[in-house]
Amino acid sequence: MNSAGRRVAAYVDGFNLYNGMHDARQRRGLWLDLESLLSTLLLRDQSLVAVHYFTALVTGPGRSAQQDYLIALEAQGKVTTTHVGRFQKKSMGCKACGATWTSHEEKESDVCLAVQLVEDAATNRFDVALIVSADSDMKPAIDSVRRIAPDKRLVAVFPPRRSSFTLQQATDASLQIFDRLPERHLLPSVVTVAPGHKVARPARWH
């Protein structure tokens, strides 16, 4: 196949990316323009045709900021689609002391990412996939793409402070997002999402 005009689709594990950025630089890169950052990873003969961002709405005070970010991300982007899963309550307990508490577990996001990746490969929606995650649970989906569409090129893109030898071995190549890179690719401080409706970068995300 001639490599000219190769279509690149990105599949972003939102919490894996968030945790890596937060570990590296706290909140400085959280108002991230994904399309801008991912475009810097492309080769000259490639074009970004889709960005799929997978996350779940958090509970607590950070939810409003997260919702504003998701709205801004789709409004500012040209090819970005957000996929929102959910958190499920989970009872936890300590066997030693008998204490119990309620935690929350993210559900659906990683499965949705895997399904989208395999579906897009099967329906020929990309030539190259950027898998922005260091979660080794992505390997079965990568193996599936290998079987059904062996001509597709798969690239693991590791968030800051994250890596996975399993994904490195399973993909054709791997790249690292360095600590300060997200800060160079932020959305505008204020994003117009509809006539008369704007969202601003949260004050705590500076």
# chains A, B, ... in the order shown; residues from 1 in each chain; ligands from 1
$ residues_around --residues "Gln76 of chain A" --least-positions-apart "4" --cutoff "9 Å" --atoms "only C-alpha atoms" --output "list in words"
Asp33, Ile71, Ala72, Thr80, Leu187, Pro188, Val191, Thr192 and Val193 of chain A
$ closest_residue --among "A:Val128, A:Leu43, A:Val51, A:Ile177" --to "Leu73 of chain A" --atoms "only C-alpha atoms"
A:Val51
$ atom_distance --atom1 "atom CA of Asp127 of chain A" --atom2 "atom CA of Arg153 of chain A"
6.4 Å
$ residues_around --residues "Arg125 of chain A" --least-positions-apart "2" --cutoff "9 Å" --atoms "only C-alpha atoms" --output "ChimeraX atom specification"
/A:7-9,49-50,119-123,127
$ decode --residues "segment 43-151 of chain A" --atoms "C-alpha atoms" --output "PDB file, in the first residue's frame"
ATOM      1  CA  LEU A  43       4.341  11.977   9.991  1.00  0.00           C
ATOM      2  CA  ARG A  44       4.235  14.272   6.979  1.00  0.00           C
ATOM      3  CA  ASP A  45       2.082  11.874   4.950  1.00  0.00           C
ATOM      4  CA  GLN A  46      -0.493  11.335   7.699  1.00  0.00           C
ATOM      5  CA  SER A  47      -3.711  13.133   8.624  1.00  0.00           C
ATOM      6  CA  LEU A  48      -5.706  12.983  11.833  1.00  0.00           C
ATOM      7  CA  VAL A  49      -9.218  11.824  10.949  1.00  0.00           C
ATOM      8  CA  ALA A  50     -10.646  10.920  14.368  1.00  0.00           C
ATOM      9  CA  VAL A  51      -9.951  11.338  18.074  1.00  0.00           C
ATOM     10  CA  HIS A  52     -11.992   9.165  20.431  1.00  0.00           C
ATOM     11  CA  TYR A  53     -11.717  10.243  24.071  1.00  0.00           C
ATOM     12  CA  PHE A  54     -12.973   7.781  26.690  1.00  0.00           C
ATOM     13  CA  THR A  55     -13.674   8.753  30.283  1.00  0.00           C
ATOM     14  CA  ALA A  56     -16.299   8.612  33.033  1.00  0.00           C
ATOM     15  CA  LEU A  57     -17.835  11.443  35.026  1.00  0.00           C
ATOM     16  CA  VAL A  58     -16.267  11.701  38.441  1.00  0.00           C
ATOM     17  CA  THR A  59     -18.208  12.208  41.636  1.00  0.00           C
ATOM     18  CA  GLY A  60     -17.608  15.182  43.880  1.00  0.00           C
ATOM     19  CA  PRO A  61     -16.461  18.771  43.291  1.00  0.00           C
ATOM     20  CA  GLY A  62     -14.351  18.004  40.217  1.00  0.00           C
ATOM     21  CA  ARG A  63     -17.362  16.920  38.157  1.00  0.00           C
ATOM     22  CA  SER A  64     -18.316  20.412  36.966  1.00  0.00           C
ATOM     23  CA  ALA A  65     -14.785  21.161  35.727  1.00  0.00           C
ATOM     24  CA  GLN A  66     -14.635  17.814  33.958  1.00  0.00           C
ATOM     25  CA  GLN A  67     -17.983  18.420  32.241  1.00  0.00           C
ATOM     26  CA  ASP A  68     -16.828  21.845  31.065  1.00  0.00           C
ATOM     27  CA  TYR A  69     -13.687  20.279  29.654  1.00  0.00           C
ATOM     28  CA  LEU A  70     -15.626  17.626  27.726  1.00  0.00           C
ATOM     29  CA  ILE A  71     -17.914  20.284  26.255  1.00  0.00           C
ATOM     30  CA  ALA A  72     -14.943  22.462  25.274  1.00  0.00           C
ATOM     31  CA  LEU A  73     -13.043  19.519  23.826  1.00  0.00           C
ATOM     32  CA  GLU A  74     -15.792  18.628  21.361  1.00  0.00           C
ATOM     33  CA  ALA A  75     -16.667  22.256  20.582  1.00  0.00           C
ATOM     34  CA  GLN A  76     -13.080  23.258  19.811  1.00  0.00           C
ATOM     35  CA  GLY A  77     -12.120  20.042  18.063  1.00  0.00           C
ATOM     36  CA  LYS A  78     -12.790  19.146  14.449  1.00  0.00           C
ATOM     37  CA  VAL A  79     -12.611  15.355  14.685  1.00  0.00           C
ATOM     38  CA  THR A  80     -13.008  14.682  18.428  1.00  0.00           C
ATOM     39  CA  THR A  81     -15.751  12.507  19.898  1.00  0.00           C
ATOM     40  CA  THR A  82     -16.108  12.013  23.650  1.00  0.00           C
ATOM     41  CA  HIS A  83     -17.373   8.726  25.089  1.00  0.00           C
ATOM     42  CA  VAL A  84     -18.565   8.959  28.693  1.00  0.00           C
ATOM     43  CA  GLY A  85     -18.820   5.889  30.890  1.00  0.00           C
ATOM     44  CA  ARG A  86     -19.757   5.775  34.546  1.00  0.00           C
ATOM     45  CA  PHE A  87     -18.497   5.144  38.061  1.00  0.00           C
ATOM     46  CA  GLN A  88     -20.109   2.379  40.074  1.00  0.00           C
ATOM     47  CA  LYS A  89     -20.249   2.210  43.851  1.00  0.00           C
ATOM     48  CA  LYS A  90     -18.229  -0.642  45.284  1.00  0.00           C
ATOM     49  CA  SER A  91     -18.207  -1.840  48.891  1.00  0.00           C
ATOM     50  CA  MET A  92     -14.733  -2.299  50.313  1.00  0.00           C
ATOM     51  CA  GLY A  93     -13.619  -3.913  53.548  1.00  0.00           C
ATOM     52  CA  CYS A  94     -10.559  -4.565  55.659  1.00  0.00           C
ATOM     53  CA  LYS A  95     -10.201  -8.200  56.678  1.00  0.00           C
ATOM     54  CA  ALA A  96      -7.833  -7.311  59.501  1.00  0.00           C
ATOM     55  CA  CYS A  97      -9.934  -4.698  61.324  1.00  0.00           C
ATOM     56  CA  GLY A  98     -13.401  -5.288  59.881  1.00  0.00           C
ATOM     57  CA  ALA A  99     -13.831  -1.679  58.705  1.00  0.00           C
ATOM     58  CA  THR A 100     -15.999  -1.110  55.634  1.00  0.00           C
ATOM     59  CA  TRP A 101     -16.341   1.810  53.245  1.00  0.00           C
ATOM     60  CA  THR A 102     -17.730   2.689  49.842  1.00  0.00           C
ATOM     61  CA  SER A 103     -15.422   3.323  46.891  1.00  0.00           C
ATOM     62  CA  HIS A 104     -16.148   4.073  43.243  1.00  0.00           C
ATOM     63  CA  GLU A 105     -14.917   2.017  40.305  1.00  0.00           C
ATOM     64  CA  GLU A 106     -14.732   3.266  36.726  1.00  0.00           C
ATOM     65  CA  LYS A 107     -16.852   1.154  34.411  1.00  0.00           C
ATOM     66  CA  GLU A 108     -17.136   0.758  30.641  1.00  0.00           C
ATOM     67  CA  SER A 109     -14.446   3.206  29.444  1.00  0.00           C
ATOM     68  CA  ASP A 110     -11.693   0.689  28.694  1.00  0.00           C
ATOM     69  CA  VAL A 111     -14.164  -1.758  27.158  1.00  0.00           C
ATOM     70  CA  CYS A 112     -15.653   0.990  24.968  1.00  0.00           C
ATOM     71  CA  LEU A 113     -12.176   1.993  23.802  1.00  0.00           C
ATOM     72  CA  ALA A 114     -11.340  -1.590  22.870  1.00  0.00           C
ATOM     73  CA  VAL A 115     -14.622  -2.083  21.026  1.00  0.00           C
ATOM     74  CA  GLN A 116     -14.236   1.185  19.093  1.00  0.00           C
ATOM     75  CA  LEU A 117     -10.679   0.300  18.070  1.00  0.00           C
ATOM     76  CA  VAL A 118     -11.644  -3.159  16.789  1.00  0.00           C
ATOM     77  CA  GLU A 119     -14.800  -1.908  15.077  1.00  0.00           C
ATOM     78  CA  ASP A 120     -12.921   0.880  13.280  1.00  0.00           C
ATOM     79  CA  ALA A 121     -10.238  -1.544  12.147  1.00  0.00           C
ATOM     80  CA  ALA A 122     -12.858  -3.975  10.829  1.00  0.00           C
ATOM     81  CA  THR A 123     -14.678  -1.221   8.928  1.00  0.00           C
ATOM     82  CA  ASN A 124     -11.458   0.326   7.577  1.00  0.00           C
ATOM     83  CA  ARG A 125     -11.766   3.724   9.256  1.00  0.00           C
ATOM     84  CA  PHE A 126      -8.030   4.216   9.761  1.00  0.00           C
ATOM     85  CA  ASP A 127      -4.639   3.176   8.453  1.00  0.00           C
ATOM     86  CA  VAL A 128      -2.770   3.996  11.671  1.00  0.00           C
ATOM     87  CA  ALA A 129      -4.150   3.900  15.221  1.00  0.00           C
ATOM     88  CA  LEU A 130      -2.640   5.855  18.101  1.00  0.00           C
ATOM     89  CA  ILE A 131      -3.562   4.144  21.375  1.00  0.00           C
ATOM     90  CA  VAL A 132      -3.023   6.717  24.110  1.00  0.00           C
ATOM     91  CA  SER A 133      -2.745   4.509  27.167  1.00  0.00           C
ATOM     92  CA  ALA A 134      -0.319   2.481  29.217  1.00  0.00           C
ATOM     93  CA  ASP A 135      -2.969   0.009  30.328  1.00  0.00           C
ATOM     94  CA  SER A 136      -1.896  -3.514  29.407  1.00  0.00           C
ATOM     95  CA  ASP A 137      -5.591  -4.504  29.331  1.00  0.00           C
ATOM     96  CA  MET A 138      -5.615  -3.015  25.817  1.00  0.00           C
ATOM     97  CA  LYS A 139      -3.552  -5.936  24.502  1.00  0.00           C
ATOM     98  CA  PRO A 140      -6.505  -8.259  23.650  1.00  0.00           C
ATOM     99  CA  ALA A 141      -8.025  -5.529  21.456  1.00  0.00           C
ATOM    100  CA  ILE A 142      -4.665  -4.988  19.755  1.00  0.00           C
ATOM    101  CA  ASP A 143      -4.344  -8.731  19.149  1.00  0.00           C
ATOM    102  CA  SER A 144      -7.849  -8.745  17.647  1.00  0.00           C
ATOM    103  CA  VAL A 145      -6.944  -5.959  15.222  1.00  0.00           C
ATOM    104  CA  ARG A 146      -3.857  -7.932  14.242  1.00  0.00           C
ATOM    105  CA  ARG A 147      -6.052 -10.892  13.278  1.00  0.00           C
ATOM    106  CA  ILE A 148      -8.815  -9.076  11.401  1.00  0.00           C
ATOM    107  CA  ALA A 149      -6.827  -6.239   9.817  1.00  0.00           C
ATOM    108  CA  PRO A 150      -3.129  -7.131   9.748  1.00  0.00           C
ATOM    109  CA  ASP A 151      -2.352  -4.216   7.421  1.00  0.00           C
TER     110      ASP A 151
END
